[in-house]
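Structure data follow from upload.cif (mmCIF, C-alpha atoms):
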data_input
loop_
_atom_site.label_atom_id
_atom_site.label_comp_id
_atom_site.auth_asym_id
_atom_site.auth_seq_id
_atom_site.Cartn_x
_atom_site.Cartn_y
_atom_site.Cartn_z
CA MET A 1 -19.78 -98.03 -140.17
CA THR A 2 -16.61 -97.29 -138.21
CA LYS A 3 -16.16 -93.84 -136.70
CA TYR A 4 -12.71 -92.29 -136.30
CA GLN A 5 -11.82 -89.21 -134.27
CA ILE A 6 -9.39 -86.92 -136.10
CA ALA A 7 -7.82 -83.94 -134.33
CA VAL A 8 -7.15 -81.19 -136.87
CA ILE A 9 -4.61 -78.42 -136.30
CA PRO A 10 -4.80 -76.07 -139.32
CA GLY A 11 -2.10 -73.79 -137.92
CA ASP A 12 -0.67 -70.79 -139.76
CA GLY A 13 0.01 -69.53 -143.26
CA ILE A 14 -1.06 -72.03 -145.89
CA GLY A 15 -1.86 -74.59 -143.19
CA PRO A 16 -5.63 -73.95 -143.16
CA GLU A 17 -5.80 -74.07 -146.98
CA VAL A 18 -4.08 -77.42 -147.43
CA THR A 19 -5.87 -78.84 -144.39
CA ASN A 20 -9.29 -77.86 -145.70
CA GLY A 21 -8.55 -79.59 -148.99
CA THR A 22 -7.36 -82.68 -147.18
CA ARG A 23 -10.48 -82.84 -145.03
CA ALA A 24 -12.60 -82.70 -148.19
CA VAL A 25 -10.62 -85.61 -149.66
CA LEU A 26 -11.05 -87.64 -146.47
CA GLU A 27 -14.78 -86.92 -146.44
CA ALA A 28 -14.98 -88.25 -150.00
CA VAL A 29 -13.10 -91.38 -148.96
CA ALA A 30 -15.49 -91.85 -146.05
CA LYS A 31 -18.48 -91.58 -148.36
CA ILE A 32 -17.04 -94.18 -150.74
CA SER A 33 -15.82 -96.62 -148.09
CA GLY A 34 -18.62 -96.30 -145.56
CA HIS A 35 -16.49 -94.98 -142.71
CA GLU A 36 -17.01 -91.80 -140.71
CA PHE A 37 -14.30 -89.30 -139.86
CA GLN A 38 -15.20 -86.88 -137.11
CA PHE A 39 -12.96 -83.80 -137.21
CA THR A 40 -12.28 -81.54 -134.22
CA GLU A 41 -10.14 -78.44 -134.71
CA TRP A 42 -7.54 -77.31 -132.17
CA LEU A 43 -5.17 -74.35 -131.88
CA ALA A 44 -1.38 -74.58 -132.13
CA GLY A 45 1.39 -72.38 -133.49
CA GLY A 46 1.19 -68.66 -134.12
CA ILE A 47 -2.59 -68.52 -134.14
CA ALA A 48 -2.56 -70.11 -130.68
CA ILE A 49 -0.07 -67.52 -129.43
CA ASP A 50 -2.37 -64.74 -130.61
CA ALA A 51 -5.41 -66.36 -129.01
CA THR A 52 -3.96 -67.74 -125.77
CA GLY A 53 -0.43 -66.39 -125.36
CA GLU A 54 1.19 -69.81 -125.82
CA PRO A 55 2.00 -71.94 -128.88
CA LEU A 56 0.55 -75.19 -127.53
CA PRO A 57 -2.44 -74.82 -125.19
CA ALA A 58 -3.18 -77.64 -122.75
CA ALA A 59 -6.59 -78.11 -124.35
CA THR A 60 -4.92 -78.94 -127.67
CA ILE A 61 -2.70 -81.56 -126.05
CA ALA A 62 -5.71 -83.13 -124.33
CA GLY A 63 -7.76 -83.13 -127.52
CA CYS A 64 -4.97 -84.77 -129.51
CA ARG A 65 -4.49 -87.48 -126.90
CA LYS A 66 -8.16 -88.43 -127.13
CA SER A 67 -8.09 -88.72 -130.92
CA ASP A 68 -7.25 -91.63 -133.20
CA ALA A 69 -4.86 -89.43 -135.22
CA VAL A 70 -3.74 -85.83 -135.60
CA LEU A 71 -3.74 -83.93 -138.90
CA LEU A 72 -1.49 -80.87 -138.87
CA GLY A 73 -1.20 -78.10 -141.46
CA ALA A 74 1.81 -75.88 -140.70
CA VAL A 75 2.95 -73.43 -138.05
CA GLY A 76 4.99 -70.24 -137.98
CA GLY A 77 5.29 -66.92 -139.73
CA PRO A 78 7.36 -63.71 -139.72
CA GLN A 79 5.04 -61.91 -137.30
CA TRP A 80 6.21 -64.26 -134.53
CA ASP A 81 9.92 -64.37 -135.44
CA ASN A 82 11.03 -62.02 -132.68
CA LEU A 83 9.42 -63.91 -129.82
CA PRO A 84 11.62 -65.73 -127.28
CA GLY A 85 12.56 -69.26 -128.32
CA ASP A 86 10.37 -70.97 -125.72
CA ILE A 87 7.16 -69.38 -127.05
CA ARG A 88 7.82 -69.38 -130.79
CA PRO A 89 5.23 -71.20 -132.95
CA GLU A 90 7.70 -73.99 -133.73
CA ARG A 91 7.73 -74.99 -130.07
CA ALA A 92 4.24 -76.37 -130.69
CA LEU A 93 5.72 -79.06 -132.95
CA LEU A 94 8.33 -80.09 -130.42
CA GLY A 95 5.72 -80.00 -127.68
CA LEU A 96 3.26 -82.20 -129.56
CA ARG A 97 5.96 -84.74 -130.39
CA GLY A 98 7.08 -84.85 -126.78
CA GLU A 99 3.61 -84.91 -125.20
CA LEU A 100 2.35 -87.64 -127.55
CA GLY A 101 5.57 -89.64 -127.41
CA LEU A 102 6.06 -89.48 -131.18
CA TYR A 103 9.63 -90.65 -131.59
CA ALA A 104 9.66 -91.84 -135.24
CA ASN A 105 9.15 -89.52 -138.20
CA ILE A 106 8.44 -91.39 -141.44
CA ARG A 107 9.13 -89.32 -144.56
CA PRO A 108 8.72 -91.03 -147.95
CA ALA A 109 10.50 -89.30 -150.84
CA VAL A 110 9.10 -90.51 -154.16
CA LEU A 111 9.67 -89.06 -157.61
CA HIS A 112 6.37 -89.51 -159.44
CA GLU A 113 6.84 -90.55 -163.04
CA ALA A 114 4.75 -87.60 -164.22
CA LEU A 115 7.10 -85.21 -162.39
CA ALA A 116 10.38 -86.57 -163.77
CA GLY A 117 10.96 -83.20 -165.45
CA ALA A 118 10.75 -81.48 -162.06
CA CYS A 119 13.78 -83.37 -160.76
CA PRO A 120 16.84 -81.06 -160.89
CA LEU A 121 19.23 -84.00 -161.23
CA HIS A 122 20.67 -85.21 -164.52
CA PRO A 123 17.97 -87.00 -166.56
CA GLN A 124 20.03 -90.21 -166.55
CA ILE A 125 19.80 -90.18 -162.74
CA ALA A 126 16.14 -89.15 -162.58
CA GLU A 127 15.03 -91.83 -165.03
CA ARG A 128 16.25 -94.53 -162.62
CA GLY A 129 13.60 -93.36 -160.17
CA ILE A 130 13.63 -92.26 -156.53
CA ASP A 131 11.76 -94.12 -153.80
CA ILE A 132 13.24 -93.58 -150.34
CA VAL A 133 11.77 -93.71 -146.85
CA PHE A 134 13.50 -91.58 -144.23
CA VAL A 135 13.06 -92.75 -140.65
CA ARG A 136 14.05 -89.80 -138.48
CA GLU A 137 14.41 -89.97 -134.70
CA LEU A 138 12.07 -87.28 -133.45
CA THR A 139 12.21 -86.69 -129.69
CA GLY A 140 15.92 -86.80 -128.88
CA GLY A 141 19.17 -85.30 -130.08
CA ILE A 142 20.17 -81.68 -130.31
CA TYR A 143 16.62 -80.34 -130.69
CA PHE A 144 15.71 -81.67 -127.25
CA GLY A 145 19.09 -81.53 -125.53
CA GLU A 146 20.30 -79.11 -122.87
CA ARG A 147 20.69 -75.60 -124.22
CA GLY A 148 21.38 -72.12 -123.01
CA ARG A 149 23.75 -69.18 -122.95
CA ARG A 150 26.71 -68.41 -120.71
CA ASP A 151 29.39 -65.82 -120.27
CA THR A 152 32.92 -66.67 -121.37
CA GLN A 153 36.17 -64.79 -121.83
CA GLN A 154 35.21 -64.43 -125.49
CA GLY A 155 31.82 -62.97 -124.60
CA GLU A 156 28.37 -64.49 -124.55
CA GLU A 157 28.27 -68.09 -125.77
CA ALA A 158 25.27 -70.17 -126.83
CA TYR A 159 25.20 -73.96 -126.72
CA ASP A 160 22.94 -76.85 -127.77
CA THR A 161 23.66 -80.41 -126.70
CA GLU A 162 23.37 -83.57 -128.80
CA ALA A 163 22.60 -86.60 -126.63
CA TYR A 164 21.16 -90.04 -127.35
CA SER A 165 20.48 -93.01 -125.09
CA VAL A 166 20.67 -96.66 -126.11
CA THR A 167 16.91 -96.97 -125.64
CA GLU A 168 16.21 -94.06 -127.99
CA VAL A 169 18.44 -95.49 -130.70
CA GLU A 170 17.11 -99.03 -130.30
CA ARG A 171 13.50 -98.06 -130.82
CA ILE A 172 14.16 -95.93 -133.93
CA ALA A 173 16.46 -98.65 -135.28
CA ARG A 174 13.71 -101.26 -134.95
CA THR A 175 11.25 -98.92 -136.66
CA GLY A 176 13.67 -98.62 -139.56
CA PHE A 177 14.41 -102.33 -139.80
CA GLU A 178 10.71 -103.21 -139.70
CA MET A 179 10.12 -100.71 -142.50
CA ALA A 180 12.98 -102.22 -144.52
CA MET A 181 11.54 -105.72 -144.08
CA LYS A 182 8.41 -104.55 -145.93
CA ARG A 183 10.41 -102.98 -148.77
CA LYS A 184 13.71 -103.92 -150.46
CA ARG A 185 15.43 -104.99 -147.23
CA ARG A 186 18.17 -102.39 -147.45
CA LEU A 187 18.83 -99.94 -144.63
CA THR A 188 21.31 -97.08 -144.46
CA SER A 189 22.18 -95.61 -141.07
CA VAL A 190 23.45 -92.02 -141.24
CA ASP A 191 25.63 -90.61 -138.47
CA LYS A 192 28.85 -88.67 -137.84
CA ALA A 193 30.69 -91.37 -135.90
CA ASN A 194 34.11 -90.09 -136.95
CA VAL A 195 33.56 -86.95 -134.84
CA LEU A 196 30.61 -87.26 -132.44
CA GLU A 197 30.49 -89.55 -129.41
CA SER A 198 26.68 -89.64 -129.67
CA SER A 199 27.08 -90.98 -133.22
CA ARG A 200 29.49 -93.66 -132.06
CA LEU A 201 26.86 -94.90 -129.61
CA TRP A 202 24.31 -94.63 -132.43
CA ARG A 203 26.38 -96.84 -134.74
CA GLU A 204 27.18 -99.40 -132.04
CA THR A 205 23.49 -99.73 -131.25
CA MET A 206 22.45 -99.97 -134.91
CA LEU A 207 24.93 -102.82 -135.41
CA ARG A 208 23.58 -104.69 -132.39
CA VAL A 209 19.93 -104.30 -133.43
CA ALA A 210 20.85 -105.40 -136.97
CA GLU A 211 21.62 -108.85 -135.59
CA GLU A 212 17.85 -109.23 -135.02
CA TYR A 213 17.24 -108.65 -138.75
CA PRO A 214 19.71 -110.80 -140.70
CA GLU A 215 17.57 -110.47 -143.86
CA VAL A 216 18.24 -106.70 -144.02
CA GLU A 217 21.42 -105.38 -145.61
CA LEU A 218 22.81 -102.61 -143.37
CA ASP A 219 25.33 -99.98 -144.38
CA HIS A 220 26.56 -96.78 -142.72
CA LEU A 221 27.24 -93.33 -144.13
CA TYR A 222 28.59 -90.18 -142.54
CA VAL A 223 26.02 -87.42 -142.97
CA ASP A 224 28.20 -85.32 -145.29
CA ASN A 225 28.74 -88.30 -147.59
CA ALA A 226 25.06 -89.20 -147.40
CA SER A 227 24.10 -85.73 -148.62
CA MET A 228 26.38 -86.21 -151.64
CA GLN A 229 25.22 -89.75 -152.42
CA LEU A 230 21.57 -88.60 -152.39
CA ILE A 231 22.47 -86.45 -155.38
CA LYS A 232 24.73 -88.98 -157.10
CA ARG A 233 22.80 -92.24 -156.66
CA PRO A 234 19.39 -91.68 -155.03
CA ASP A 235 17.97 -94.82 -156.64
CA GLU A 236 20.27 -97.00 -154.52
CA PHE A 237 18.70 -95.89 -151.23
CA ASP A 238 15.76 -97.74 -149.71
CA VAL A 239 15.28 -96.96 -146.00
CA VAL A 240 17.43 -94.30 -144.30
CA VAL A 241 17.53 -94.12 -140.49
CA THR A 242 19.13 -91.14 -138.83
CA THR A 243 19.08 -88.61 -136.01
CA ASN A 244 16.69 -85.76 -135.46
CA MET A 245 18.81 -82.99 -136.98
CA PHE A 246 20.37 -85.04 -139.77
CA GLY A 247 16.95 -86.36 -140.74
CA ASP A 248 15.53 -82.86 -140.80
CA ILE A 249 18.19 -81.74 -143.27
CA LEU A 250 18.45 -84.83 -145.49
CA SER A 251 14.70 -85.25 -145.95
CA ASP A 252 14.45 -81.65 -147.15
CA GLU A 253 17.24 -82.37 -149.63
CA ALA A 254 15.23 -85.36 -150.80
CA ALA A 255 12.21 -83.09 -151.21
CA MET A 256 14.17 -80.98 -153.66
CA ILE A 257 15.36 -83.87 -155.81
CA THR A 258 11.85 -85.33 -156.01
CA GLY A 259 10.50 -82.14 -157.53
CA SER A 260 8.98 -80.02 -154.80
CA ILE A 261 8.72 -79.85 -151.04
CA GLY A 262 4.99 -79.42 -151.69
CA MET A 263 4.81 -83.10 -152.64
CA LEU A 264 6.25 -84.78 -149.54
CA PRO A 265 4.10 -86.08 -146.67
CA SER A 266 5.17 -87.32 -143.26
CA ALA A 267 3.97 -89.39 -140.33
CA SER A 268 5.13 -89.05 -136.73
CA LEU A 269 4.57 -92.26 -134.79
CA GLY A 270 4.97 -93.48 -131.23
CA ALA A 271 4.18 -96.62 -129.30
CA PRO A 272 1.20 -98.75 -130.41
CA GLY A 273 -2.04 -97.12 -129.32
CA THR A 274 -0.56 -93.62 -129.49
CA PRO A 275 -2.29 -91.27 -131.95
CA GLY A 276 0.09 -90.52 -134.81
CA MET A 277 0.54 -87.02 -136.20
CA TYR A 278 0.47 -86.42 -139.95
CA GLU A 279 1.73 -83.31 -141.70
CA PRO A 280 3.27 -82.12 -144.96
CA ILE A 281 6.96 -81.38 -144.52
CA HIS A 282 6.65 -77.91 -146.06
CA GLY A 283 6.35 -74.86 -143.85
CA SER A 284 3.64 -72.27 -143.53
CA ALA A 285 4.75 -70.36 -146.69
CA PRO A 286 3.30 -67.03 -145.54
CA ASP A 287 4.28 -65.37 -148.83
CA ILE A 288 1.55 -67.30 -150.67
CA ALA A 289 -0.96 -67.75 -147.83
CA GLY A 290 -4.54 -66.98 -148.79
CA GLN A 291 -3.75 -66.83 -152.52
CA ASP A 292 -4.95 -70.30 -153.55
CA LYS A 293 -1.43 -71.15 -154.74
CA ALA A 294 -0.28 -73.77 -152.23
CA ASN A 295 0.20 -77.39 -153.28
CA PRO A 296 -2.16 -79.50 -151.13
CA LEU A 297 -0.80 -82.87 -152.31
CA ALA A 298 1.73 -83.29 -149.49
CA ALA A 299 -1.06 -82.79 -146.95
CA ILE A 300 -3.38 -85.11 -148.88
CA LEU A 301 -0.69 -87.79 -149.07
CA SER A 302 -0.09 -87.31 -145.34
CA ALA A 303 -3.74 -88.21 -144.84
CA ALA A 304 -3.13 -91.38 -146.85
CA MET A 305 -0.33 -92.25 -144.41
CA MET A 306 -2.75 -91.60 -141.56
CA LEU A 307 -5.22 -94.09 -143.03
CA LYS A 308 -2.46 -96.66 -143.41
CA PHE A 309 -0.55 -96.32 -140.13
CA SER A 310 -3.06 -95.08 -137.53
CA LEU A 311 -6.45 -96.21 -138.79
CA ASN A 312 -5.41 -99.50 -140.41
CA LEU A 313 -7.20 -98.66 -143.66
CA PRO A 314 -4.60 -99.59 -146.31
CA SER A 315 -7.10 -99.90 -149.16
CA GLU A 316 -8.45 -96.43 -148.50
CA ALA A 317 -4.88 -95.09 -148.31
CA ALA A 318 -4.15 -96.64 -151.70
CA MET A 319 -7.27 -94.94 -153.10
CA ILE A 320 -5.81 -91.55 -152.26
CA GLU A 321 -2.33 -92.39 -153.53
CA ASN A 322 -3.72 -93.67 -156.82
CA ALA A 323 -5.92 -90.60 -157.19
CA VAL A 324 -2.92 -88.29 -156.74
CA THR A 325 -0.95 -90.28 -159.30
CA LYS A 326 -3.84 -90.00 -161.80
CA VAL A 327 -4.22 -86.24 -161.34
CA LEU A 328 -0.51 -85.72 -161.95
CA ALA A 329 -0.54 -88.05 -164.96
CA ASP A 330 -3.45 -86.02 -166.36
CA GLY A 331 -1.20 -82.95 -166.35
CA PHE A 332 -2.63 -80.86 -163.51
CA ARG A 333 -0.04 -78.82 -161.63
CA THR A 334 0.15 -76.23 -158.87
CA GLY A 335 2.72 -73.51 -159.40
CA ASP A 336 5.57 -75.19 -157.53
CA ILE A 337 5.65 -78.12 -159.96
CA TYR A 338 4.29 -76.41 -163.09
CA GLN A 339 7.33 -74.17 -163.46
CA TYR A 340 9.58 -77.16 -164.12
CA SER A 341 7.50 -78.43 -167.01
CA GLU A 342 9.31 -79.80 -170.03
CA ASN A 343 6.13 -79.76 -172.09
CA GLU A 344 3.79 -77.06 -170.87
CA THR A 345 1.26 -77.73 -173.63
CA VAL A 346 0.04 -80.85 -171.82
CA GLN A 347 -0.17 -79.23 -168.40
CA GLN A 348 -2.76 -77.09 -166.71
CA LEU A 349 -2.02 -74.73 -163.85
CA VAL A 350 -4.48 -75.06 -160.97
CA GLY A 351 -4.82 -73.67 -157.47
CA THR A 352 -5.12 -75.27 -154.06
CA ARG A 353 -8.88 -75.73 -154.11
CA GLN A 354 -9.05 -77.08 -157.64
CA MET A 355 -6.21 -79.54 -157.05
CA SER A 356 -8.06 -80.94 -154.02
CA GLU A 357 -11.26 -81.18 -156.05
CA LEU A 358 -9.44 -83.00 -158.85
CA VAL A 359 -8.17 -85.60 -156.35
CA ILE A 360 -11.75 -86.08 -155.14
CA GLN A 361 -12.96 -86.55 -158.73
CA ALA A 362 -10.22 -89.10 -159.32
CA LEU A 363 -11.34 -91.01 -156.23
CA GLU A 364 -14.82 -91.31 -157.65
CA THR A 365 -13.81 -92.56 -161.10
#
Show how you would write the structure in this file as structure tokens.
Amino acid sequence: MTKYQIAVIPGDGIGPEVTNGTRAVLEAVAKISGHEFQFTEWLAGGIAIDATGEPLPAATIAGCRKSDAVLLGAVGGPQWDNLPGDIRPERALLGLRGELGLYANIRPAVLHEALAGACPLHPQIAERGIDIVFVRELTGGIYFGERGRRDTQQGEEAYDTEAYSVTEVERIARTGFEMAMKRKRRLTSVDKANVLESSRLWRETMLRVAEEYPEVELDHLYVDNASMQLIKRPDEFDVVVTTNMFGDILSDEAAMITGSIGMLPSASLGAPGTPGMYEPIHGSAPDIAGQDKANPLAAILSAAMMLKFSLNLPSEAAMIENAVTKVLADGFRTGDIYQYSENETVQQLVGTRQMSELVIQALET
């Protein structure tokens, strides 16, 4: 029996609900496979502010560093919206990424066959399928650049700085190319090189790293064109590598065209030996928190990514992915995907807890 240490950060809003369901799924996997997952909960986000006065306590950072992987629910909520920027709940995410050195965010966007009716695109586009992996640079760019406010002749001015080094671009480029080598060997780099100097460096570096991967077909798109092509021809994308801010925006667009943001998982990875962090890309959804309405599948699929990337348990990861596919094929839906049904007579509306239980049942069959 192999024991794995999992740091769990339930966070705010629906975070605890989807995290609890995910833990139950992982415990079922452990029972079937003979492994042991030891979970330790830590505070981050709004709940940490209320308890300690800061969004990311030092104890949480230390606990995450000692773990094999980190499972995160969600952070944030309206009750903390008026706090200064440096102590808002979202600073916990940036802090964890920085402290753990998690520079690559992997976001798969897959349209499940059973959810084809949830895709808002034309049916002729949706029927071709969507299977994209976004590789988003996570610890550089405008989210981490110099920022502040200053007085000008026009009044107070705020600024945020976009900056990238060659080293930062090289490492995310290699992550993307390695991912492409395991898929269809097509990689799209998204930038704004016609306007931004940081994007010109980005493109130059991508071209140089591409020489190390002659088997991969590389193309470039400006971010505005990329956002349009994701709607027009999503089936032609394979791996997309882009900056922190562009990746944040484009992967949420991909969430919409694949049916629901409640379906998309993510993995944040660093250097080998660094504990990865796994989280659904949806937010804390405070409007439905505590109502048993949240879709736990993005969190559950994030756990599958954790098994694959951090714990080197690909068979167990596939168990979860196959179970989710079966539950969807059997017609079970949380509210975010049920409302798009083309044939409601074959679907059954379920809540957060029941959806998690259904995945567990599918694991055991």
Point-to-point distance in Å for atom CA of A:Gly95 and atom CA of A:Ala48: 13.2 Å
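Going from atom CA of A:Ala104 over to atom CA of A:Gly53, you cover 29.1 Å.
Closest approach to A:Thr161 among A:Val216, A:Ile360, A:Ala193, A:Met245 is made by A:Met245 (distances from all atoms listed in the file).
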Selection dump of the PyMOL selection byres ((chain A and resi 72-79) around 8), as number ranges by chain: A: 8-16, 18-19, 44-46, 70-71, 80-82, 88-90, 277-280, 282-286, 299
Take the selection from the previous step and output its residues with C-alpha atoms, as a PDB file, in the frame of the given file.
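So out-v5.pdb came out as:
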ATOM      1  CA  VAL A   8      -7.150 -81.190-136.870  1.00  0.00           C
ATOM      2  CA  ILE A   9      -4.610 -78.420-136.300  1.00  0.00           C
ATOM      3  CA  PRO A  10      -4.800 -76.070-139.320  1.00  0.00           C
ATOM      4  CA  GLY A  11      -2.100 -73.790-137.920  1.00  0.00           C
ATOM      5  CA  ASP A  12      -0.670 -70.790-139.760  1.00  0.00           C
ATOM      6  CA  GLY A  13       0.010 -69.530-143.260  1.00  0.00           C
ATOM      7  CA  ILE A  14      -1.060 -72.030-145.890  1.00  0.00           C
ATOM      8  CA  GLY A  15      -1.860 -74.590-143.190  1.00  0.00           C
ATOM      9  CA  PRO A  16      -5.630 -73.950-143.160  1.00  0.00           C
ATOM     10  CA  VAL A  18      -4.080 -77.420-147.430  1.00  0.00           C
ATOM     11  CA  THR A  19      -5.870 -78.840-144.390  1.00  0.00           C
ATOM     12  CA  ALA A  44      -1.380 -74.580-132.130  1.00  0.00           C
ATOM     13  CA  GLY A  45       1.390 -72.380-133.490  1.00  0.00           C
ATOM     14  CA  GLY A  46       1.190 -68.660-134.120  1.00  0.00           C
ATOM     15  CA  VAL A  70      -3.740 -85.830-135.600  1.00  0.00           C
ATOM     16  CA  LEU A  71      -3.740 -83.930-138.900  1.00  0.00           C
ATOM     17  CA  TRP A  80       6.210 -64.260-134.530  1.00  0.00           C
ATOM     18  CA  ASP A  81       9.920 -64.370-135.440  1.00  0.00           C
ATOM     19  CA  ASN A  82      11.030 -62.020-132.680  1.00  0.00           C
ATOM     20  CA  ARG A  88       7.820 -69.380-130.790  1.00  0.00           C
ATOM     21  CA  PRO A  89       5.230 -71.200-132.950  1.00  0.00           C
ATOM     22  CA  GLU A  90       7.700 -73.990-133.730  1.00  0.00           C
ATOM     23  CA  MET A 277       0.540 -87.020-136.200  1.00  0.00           C
ATOM     24  CA  TYR A 278       0.470 -86.420-139.950  1.00  0.00           C
ATOM     25  CA  GLU A 279       1.730 -83.310-141.700  1.00  0.00           C
ATOM     26  CA  PRO A 280       3.270 -82.120-144.960  1.00  0.00           C
ATOM     27  CA  HIS A 282       6.650 -77.910-146.060  1.00  0.00           C
ATOM     28  CA  GLY A 283       6.350 -74.860-143.850  1.00  0.00           C
ATOM     29  CA  SER A 284       3.640 -72.270-143.530  1.00  0.00           C
ATOM     30  CA  ALA A 285       4.750 -70.360-146.690  1.00  0.00           C
ATOM     31  CA  PRO A 286       3.300 -67.030-145.540  1.00  0.00           C
ATOM     32  CA  ALA A 299      -1.060 -82.790-146.950  1.00  0.00           C
TER      33      ALA A 299
END
A:Gln347, A:Thr52, A:Gln38, A:Thr365 ranked by distance to A:Met319, top pick (using only C-alpha atoms): A:Thr365
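Of the residues under consideration (A:Cys119, A:Leu307, A:Leu269, A:Val241), A:Cys119 shows the shortest atom-to-atom contact distance to A:Met256 when counting all atoms listed in the file.
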Residue among A:Ile61, A:Pro108, A:Glu54, A:Leu311 lying closest to A:Pro272, counting all atoms listed in the file: A:Leu311
Distance query A:Val110 at most 8 Å, only C-alpha atoms, self and fewer than 2 positions along chain excluded, as a ChimeraX atom specification: /A:108,112,130-132,258,264
Dump as a compact mmCIF listing (two decimals) with C-alpha atoms, keeping the file's coordinate frame all residues having an atom at most 12 Å from (1.9, -85.0, -161.6), computed in the file's coordinates with only C-alpha atoms.
# COMPACT_ATOMS: atom_id res chain seq x y z
CA VAL A 110 9.10 -90.51 -154.16
CA LEU A 111 9.67 -89.06 -157.61
CA HIS A 112 6.37 -89.51 -159.44
CA GLU A 113 6.84 -90.55 -163.04
CA ALA A 114 4.75 -87.60 -164.22
CA LEU A 115 7.10 -85.21 -162.39
CA ALA A 116 10.38 -86.57 -163.77
CA GLY A 117 10.96 -83.20 -165.45
CA ALA A 118 10.75 -81.48 -162.06
CA THR A 258 11.85 -85.33 -156.01
CA GLY A 259 10.50 -82.14 -157.53
CA SER A 260 8.98 -80.02 -154.80
CA GLY A 262 4.99 -79.42 -151.69
CA MET A 263 4.81 -83.10 -152.64
CA ASN A 295 0.20 -77.39 -153.28
CA LEU A 297 -0.80 -82.87 -152.31
CA GLU A 321 -2.33 -92.39 -153.53
CA ASN A 322 -3.72 -93.67 -156.82
CA ALA A 323 -5.92 -90.60 -157.19
CA VAL A 324 -2.92 -88.29 -156.74
CA THR A 325 -0.95 -90.28 -159.30
CA LYS A 326 -3.84 -90.00 -161.80
CA VAL A 327 -4.22 -86.24 -161.34
CA LEU A 328 -0.51 -85.72 -161.95
CA ALA A 329 -0.54 -88.05 -164.96
CA ASP A 330 -3.45 -86.02 -166.36
CA GLY A 331 -1.20 -82.95 -166.35
CA PHE A 332 -2.63 -80.86 -163.51
CA ARG A 333 -0.04 -78.82 -161.63
CA THR A 334 0.15 -76.23 -158.87
CA GLY A 335 2.72 -73.51 -159.40
CA ASP A 336 5.57 -75.19 -157.53
CA ILE A 337 5.65 -78.12 -159.96
CA TYR A 338 4.29 -76.41 -163.09
CA TYR A 340 9.58 -77.16 -164.12
CA SER A 341 7.50 -78.43 -167.01
CA VAL A 346 0.04 -80.85 -171.82
CA GLN A 347 -0.17 -79.23 -168.40
CA GLN A 348 -2.76 -77.09 -166.71
CA LEU A 349 -2.02 -74.73 -163.85
CA VAL A 350 -4.48 -75.06 -160.97
CA MET A 355 -6.21 -79.54 -157.05
CA LEU A 358 -9.44 -83.00 -158.85
CA VAL A 359 -8.17 -85.60 -156.35
Shell of 8 Å around A:Tyr4, only C-alpha atoms, local chain residues under 3 positions omitted, as an NGL selection string: :A and (35-38 or 67-68 or 311)
